[in-house]
Amino acid sequence: MKNYLLLLRPFTLIAPFIAFLTAAIIAMNVEPIVGFTSLVLIGALASMLANGASNAINQVFDIDVDRINKPERPLPSGRLTRKQAGIFGGAIYAASVILSYLVNQVFFVIMLITVVITFFYSAPPLRLKNHTMLSNLSIALVRGCLLFVAGWVTIKPVEFPLPWFIGGLFGFYLLGAATTKDFSDIKGDRVFRVMTLPVRFGPKRAAQIISPFFVLPFLLIPVGVSFTILSVTALPLTMLAVYGLYIVYLLLRKPDELTLEGNHISWKHMYLLFVITYLGFALAYVI
């Protein structure tokens with residue numbers, strides 16, 4: 001059971017859960033007010049399961065790459081077989097889709113889109129992760145934009161501009177920031193031609209390319225406020241650009257350290273900034 005749990009990579013499930021609940025909380029505080037329902041928790045669970053399933057399926061199709069980059073994982077270490085992991089990942093995907101059907105039709109459609117994109121992120125013939133920008137774009141769309149919209153539609157209609165604007169900010173952030181996970185995998189990715197930004201351009205140039213994405217999304221918050229899409233109480237979140245600049249500093253100060261074994265410290269800060277921003281938006285609409 002421990003090995004199956006490791007396939008889901010539980011730590012990475014915290015952000016989608018917080019993101020989903022944040023979107024629902026914001027929706028409840030935008031007129032007309034609708035109360036918190038059990039469907040929100042069902043939707044949050046479905047989103048977490050879809051994320052976990054994509055992690056498991058990714059390890060199924062990346063077993064050869066992981067033998068180089070992450071040999072301690074359940075599949076390359078031999079603690080689980082590829083068939084066991086595939087069946088498990090498929091079952092978790094199915095559970096997420098079934099739960100989404102219980103919420104509403106729009107959320108069900110979003111979940112189907114999420115499942116298809118995250119599956120073909122790893123699986124042939126598309127294997128989106130092999131293509132430099134398609135890899136980041138798929139992550140930005142699913143784990144940035146659509147994740148927030150999914151939480152919103154458990155409470156309010158999808159036609160509101162607010163969830164698309166906030167979801168777009170997070171998608172913009174992940175379009176570059178998601179690359180922080182790729183630096184430590186460059187050795188295996190080169191062997192199997194997984195053309196991430198660090199593989200295509202080298203660690204230093206890749207760090208330079210993604211740096212603006214840690215700052216620019218936060219500078220767009222005043223734009224949302226000026227167009228009355230965002231509440232004025234969200235304006236202080238612009239200051240999180242300073243944290244983004246700190247992450248840029250970590251990326252650029254010693255580019256040679258980006259490819260050392262284990263995720264670079266910038267990945268941890270990227271993830272933390274992601275979560276803090278969600279909590280900040282929730283607070284902005286509660287006060």
# chains A, B, ... in the order shown; residues from 1 in each chain; ligands from 1

call {"tool": "select_by_dssp", "arguments": {"residues": "stretch 29-232 of chain A", "states": "alpha helix (DSSP H)", "output": "ChimeraX atom specification"}}
result
/A:38-61,63-69,82-103,105-122,132-139,147-152,161-177,186-191,197-201,203-210,216-219,221-226

call {"tool": "closest_atom_pairs", "arguments": {"of": "stretch 83-117 of chain A", "to": "stretch 52-72 of chain A", "cutoff": "10 Å", "atoms": "only C-alpha atoms", "output": "JSON lines"}}
result
{"residue": "A:Lys83", "atom": "CA", "partner": "A:Val60", "partner_atom": "CA", "distance": 8.2}
{"residue": "A:Gln84", "atom": "CA", "partner": "A:Val60", "partner_atom": "CA", "distance": 9.3}
{"residue": "A:Ala85", "atom": "CA", "partner": "A:Val60", "partner_atom": "CA", "distance": 6.4}
{"residue": "A:Gly86", "atom": "CA", "partner": "A:Val60", "partner_atom": "CA", "distance": 6.2}
{"residue": "A:Ile87", "atom": "CA", "partner": "A:Ile57", "partner_atom": "CA", "distance": 9.2}
{"residue": "A:Phe88", "atom": "CA", "partner": "A:Ala56", "partner_atom": "CA", "distance": 7.8}
{"residue": "A:Gly89", "atom": "CA", "partner": "A:Ala53", "partner_atom": "CA", "distance": 4.7}
{"residue": "A:Gly90", "atom": "CA", "partner": "A:Ala53", "partner_atom": "CA", "distance": 7.0}
{"residue": "A:Ala91", "atom": "CA", "partner": "A:Ala53", "partner_atom": "CA", "distance": 8.1}
{"residue": "A:Ile92", "atom": "CA", "partner": "A:Ala53", "partner_atom": "CA", "distance": 5.4}
{"residue": "A:Tyr93", "atom": "CA", "partner": "A:Ala53", "partner_atom": "CA", "distance": 5.5}
{"residue": "A:Ala94", "atom": "CA", "partner": "A:Ala53", "partner_atom": "CA", "distance": 9.1}
{"residue": "A:Ala95", "atom": "CA", "partner": "A:Ala53", "partner_atom": "CA", "distance": 9.6}
{"residue": "A:Ser96", "atom": "CA", "partner": "A:Ala53", "partner_atom": "CA", "distance": 8.7}
{"residue": "A:Thr114", "atom": "CA", "partner": "A:Ser54", "partner_atom": "CA", "distance": 9.5}
{"residue": "A:Val115", "atom": "CA", "partner": "A:Ser54", "partner_atom": "CA", "distance": 7.7}
{"residue": "A:Val116", "atom": "CA", "partner": "A:Ser54", "partner_atom": "CA", "distance": 9.8}
{"residue": "A:Ile117", "atom": "CA", "partner": "A:Ser54", "partner_atom": "CA", "distance": 9.4}

call {"tool": "residues_around", "arguments": {"residues": "stretch 251-261 of chain A", "least_positions_apart": "3", "cutoff": "10 Å", "atoms": "only C-alpha atoms", "output": "list in words"}}
result
Asn69, Lys70, Thr180, Lys181, Asp182, Phe183, Ser184, Asp185, Ile186, Lys187, Pro198, Gly202, Pro203, Lys204, Arg205, Ala206, Ala207, Gln208, Ile210, Ser211, Leu245, Tyr246, Ile247, Val248, His264, Ile265, Ser266 and Trp267 of chain A

call {"tool": "closest_residue", "arguments": {"among": "A:Ala150, A:Met133, A:Ile42, A:Met239", "to": "A:Leu220", "atoms": "only C-alpha atoms"}}
result
A:Met239

call {"tool": "closest_residue", "arguments": {"among": "A:Phe274, A:Phe11, A:Phe20, A:Phe148", "to": "A:Pro163", "atoms": "only C-alpha atoms"}}
result
A:Phe148

call {"tool": "atom_distance", "arguments": {"atom1": "atom CA of A:Met1", "atom2": "atom CA of A:Ala178"}}
result
28.8 Å

call {"tool": "residues_around", "arguments": {"residues": "A:Ile139", "least_positions_apart": "6", "cutoff": "12 Å", "atoms": "only C-alpha atoms", "output": "list in words"}}
result
Asn51, Ser54, Thr114, Val115, Ile117, Thr118, Phe119, Phe120, Tyr121, Ser122, Leu128, Lys129, Thr132, Met133, Cys145, Leu146, Leu147, Phe170, Gly171, Phe172, Tyr173, Leu174, Leu175, Gly176, Ala177, Ala178, Thr179 and Lys181 of chain A

call {"tool": "atom_distance", "arguments": {"atom1": "atom CA of A:Leu134", "atom2": "atom CA of A:Val194"}}
result
11.7 Å

call {"tool": "residues_around", "arguments": {"residues": "stretch 227-231 of chain A", "least_positions_apart": "6", "cutoff": "8 Å", "atoms": "only C-alpha atoms", "output": "list in words"}}
result
Pro161, Leu162, Phe165, Ile221, Ala284 and Tyr285 of chain A

call {"tool": "atom_distance", "arguments": {"atom1": "atom CA of A:Met28", "atom2": "atom CA of A:Gly244"}}
result
28.9 Å

call {"tool": "closest_residue", "arguments": {"among": "A:Pro212, A:Pro222, A:Gly43, A:Pro236", "to": "A:Trp152", "atoms": "only C-alpha atoms"}}
result
A:Gly43

call {"tool": "decode", "arguments": {"residues": "stretch 36-68 of chain A", "atoms": "N, CA and C atoms", "output": "compact mmCIF listing (two decimals), in the first residue's frame"}}
result
# COMPACT_ATOMS: atom_id res chain seq x y z
N PHE A 36 -21.77 26.85 1.06
CA PHE A 36 -20.82 25.76 0.82
C PHE A 36 -21.59 24.44 0.82
N THR A 37 -21.33 23.59 -0.16
CA THR A 37 -22.05 22.33 -0.25
C THR A 37 -21.08 21.16 -0.25
N SER A 38 -21.63 19.97 -0.03
CA SER A 38 -20.81 18.76 -0.04
C SER A 38 -20.23 18.51 -1.43
N LEU A 39 -20.86 19.08 -2.46
CA LEU A 39 -20.35 18.90 -3.82
C LEU A 39 -18.96 19.51 -3.99
N VAL A 40 -18.67 20.54 -3.21
CA VAL A 40 -17.34 21.14 -3.27
C VAL A 40 -16.29 20.14 -2.81
N LEU A 41 -16.57 19.45 -1.72
CA LEU A 41 -15.62 18.46 -1.21
C LEU A 41 -15.48 17.28 -2.17
N ILE A 42 -16.59 16.89 -2.79
CA ILE A 42 -16.53 15.81 -3.78
C ILE A 42 -15.68 16.24 -4.97
N GLY A 43 -15.89 17.48 -5.40
CA GLY A 43 -15.10 18.00 -6.52
C GLY A 43 -13.63 18.12 -6.18
N ALA A 44 -13.33 18.57 -4.96
CA ALA A 44 -11.93 18.68 -4.53
C ALA A 44 -11.26 17.31 -4.51
N LEU A 45 -11.99 16.31 -4.03
CA LEU A 45 -11.46 14.95 -4.00
C LEU A 45 -11.23 14.43 -5.42
N ALA A 46 -12.17 14.71 -6.32
CA ALA A 46 -12.03 14.28 -7.72
C ALA A 46 -10.79 14.92 -8.36
N SER A 47 -10.57 16.20 -8.08
CA SER A 47 -9.39 16.89 -8.64
C SER A 47 -8.10 16.31 -8.10
N MET A 48 -8.07 16.01 -6.80
CA MET A 48 -6.88 15.41 -6.21
C MET A 48 -6.60 14.04 -6.81
N LEU A 49 -7.66 13.25 -6.99
CA LEU A 49 -7.49 11.91 -7.56
C LEU A 49 -6.98 11.98 -9.00
N ALA A 50 -7.51 12.93 -9.77
CA ALA A 50 -7.06 13.07 -11.16
C ALA A 50 -5.58 13.44 -11.21
N ASN A 51 -5.16 14.32 -10.29
CA ASN A 51 -3.75 14.70 -10.21
C ASN A 51 -2.90 13.50 -9.81
N GLY A 52 -3.35 12.75 -8.81
CA GLY A 52 -2.61 11.57 -8.38
C GLY A 52 -2.52 10.51 -9.46
N ALA A 53 -3.64 10.31 -10.19
CA ALA A 53 -3.64 9.33 -11.28
C ALA A 53 -2.66 9.71 -12.37
N SER A 54 -2.59 11.01 -12.67
CA SER A 54 -1.64 11.46 -13.71
C SER A 54 -0.21 11.23 -13.26
N ASN A 55 0.06 11.38 -11.95
CA ASN A 55 1.39 11.08 -11.42
C ASN A 55 1.74 9.61 -11.60
N ALA A 56 0.76 8.74 -11.32
CA ALA A 56 0.99 7.30 -11.46
C ALA A 56 1.22 6.91 -12.91
N ILE A 57 0.37 7.42 -13.80
CA ILE A 57 0.50 7.09 -15.23
C ILE A 57 1.81 7.63 -15.79
N ASN A 58 2.22 8.80 -15.32
CA ASN A 58 3.49 9.36 -15.76
C ASN A 58 4.65 8.41 -15.44
N GLN A 59 4.59 7.79 -14.27
CA GLN A 59 5.66 6.86 -13.87
C GLN A 59 5.61 5.57 -14.68
N VAL A 60 4.42 5.18 -15.13
CA VAL A 60 4.29 3.99 -15.98
C VAL A 60 5.03 4.20 -17.30
N PHE A 61 4.81 5.35 -17.91
CA PHE A 61 5.41 5.62 -19.23
C PHE A 61 6.83 6.18 -19.13
N ASP A 62 7.23 6.58 -17.93
CA ASP A 62 8.57 7.14 -17.73
C ASP A 62 9.51 6.18 -17.01
N ILE A 63 9.16 4.91 -16.96
CA ILE A 63 9.94 3.97 -16.18
C ILE A 63 11.41 3.93 -16.62
N ASP A 64 11.66 4.00 -17.93
CA ASP A 64 13.05 3.97 -18.41
C ASP A 64 13.80 5.25 -18.04
N VAL A 65 13.11 6.38 -18.14
CA VAL A 65 13.72 7.65 -17.75
C VAL A 65 14.01 7.67 -16.25
N ASP A 66 13.05 7.14 -15.47
CA ASP A 66 13.21 7.13 -14.02
C ASP A 66 14.31 6.19 -13.55
N ARG A 67 14.65 5.19 -14.35
CA ARG A 67 15.77 4.32 -13.98
C ARG A 67 17.07 5.11 -13.89
N ILE A 68 17.12 6.21 -14.63
CA ILE A 68 18.29 7.10 -14.59
C ILE A 68 18.09 8.22 -13.58
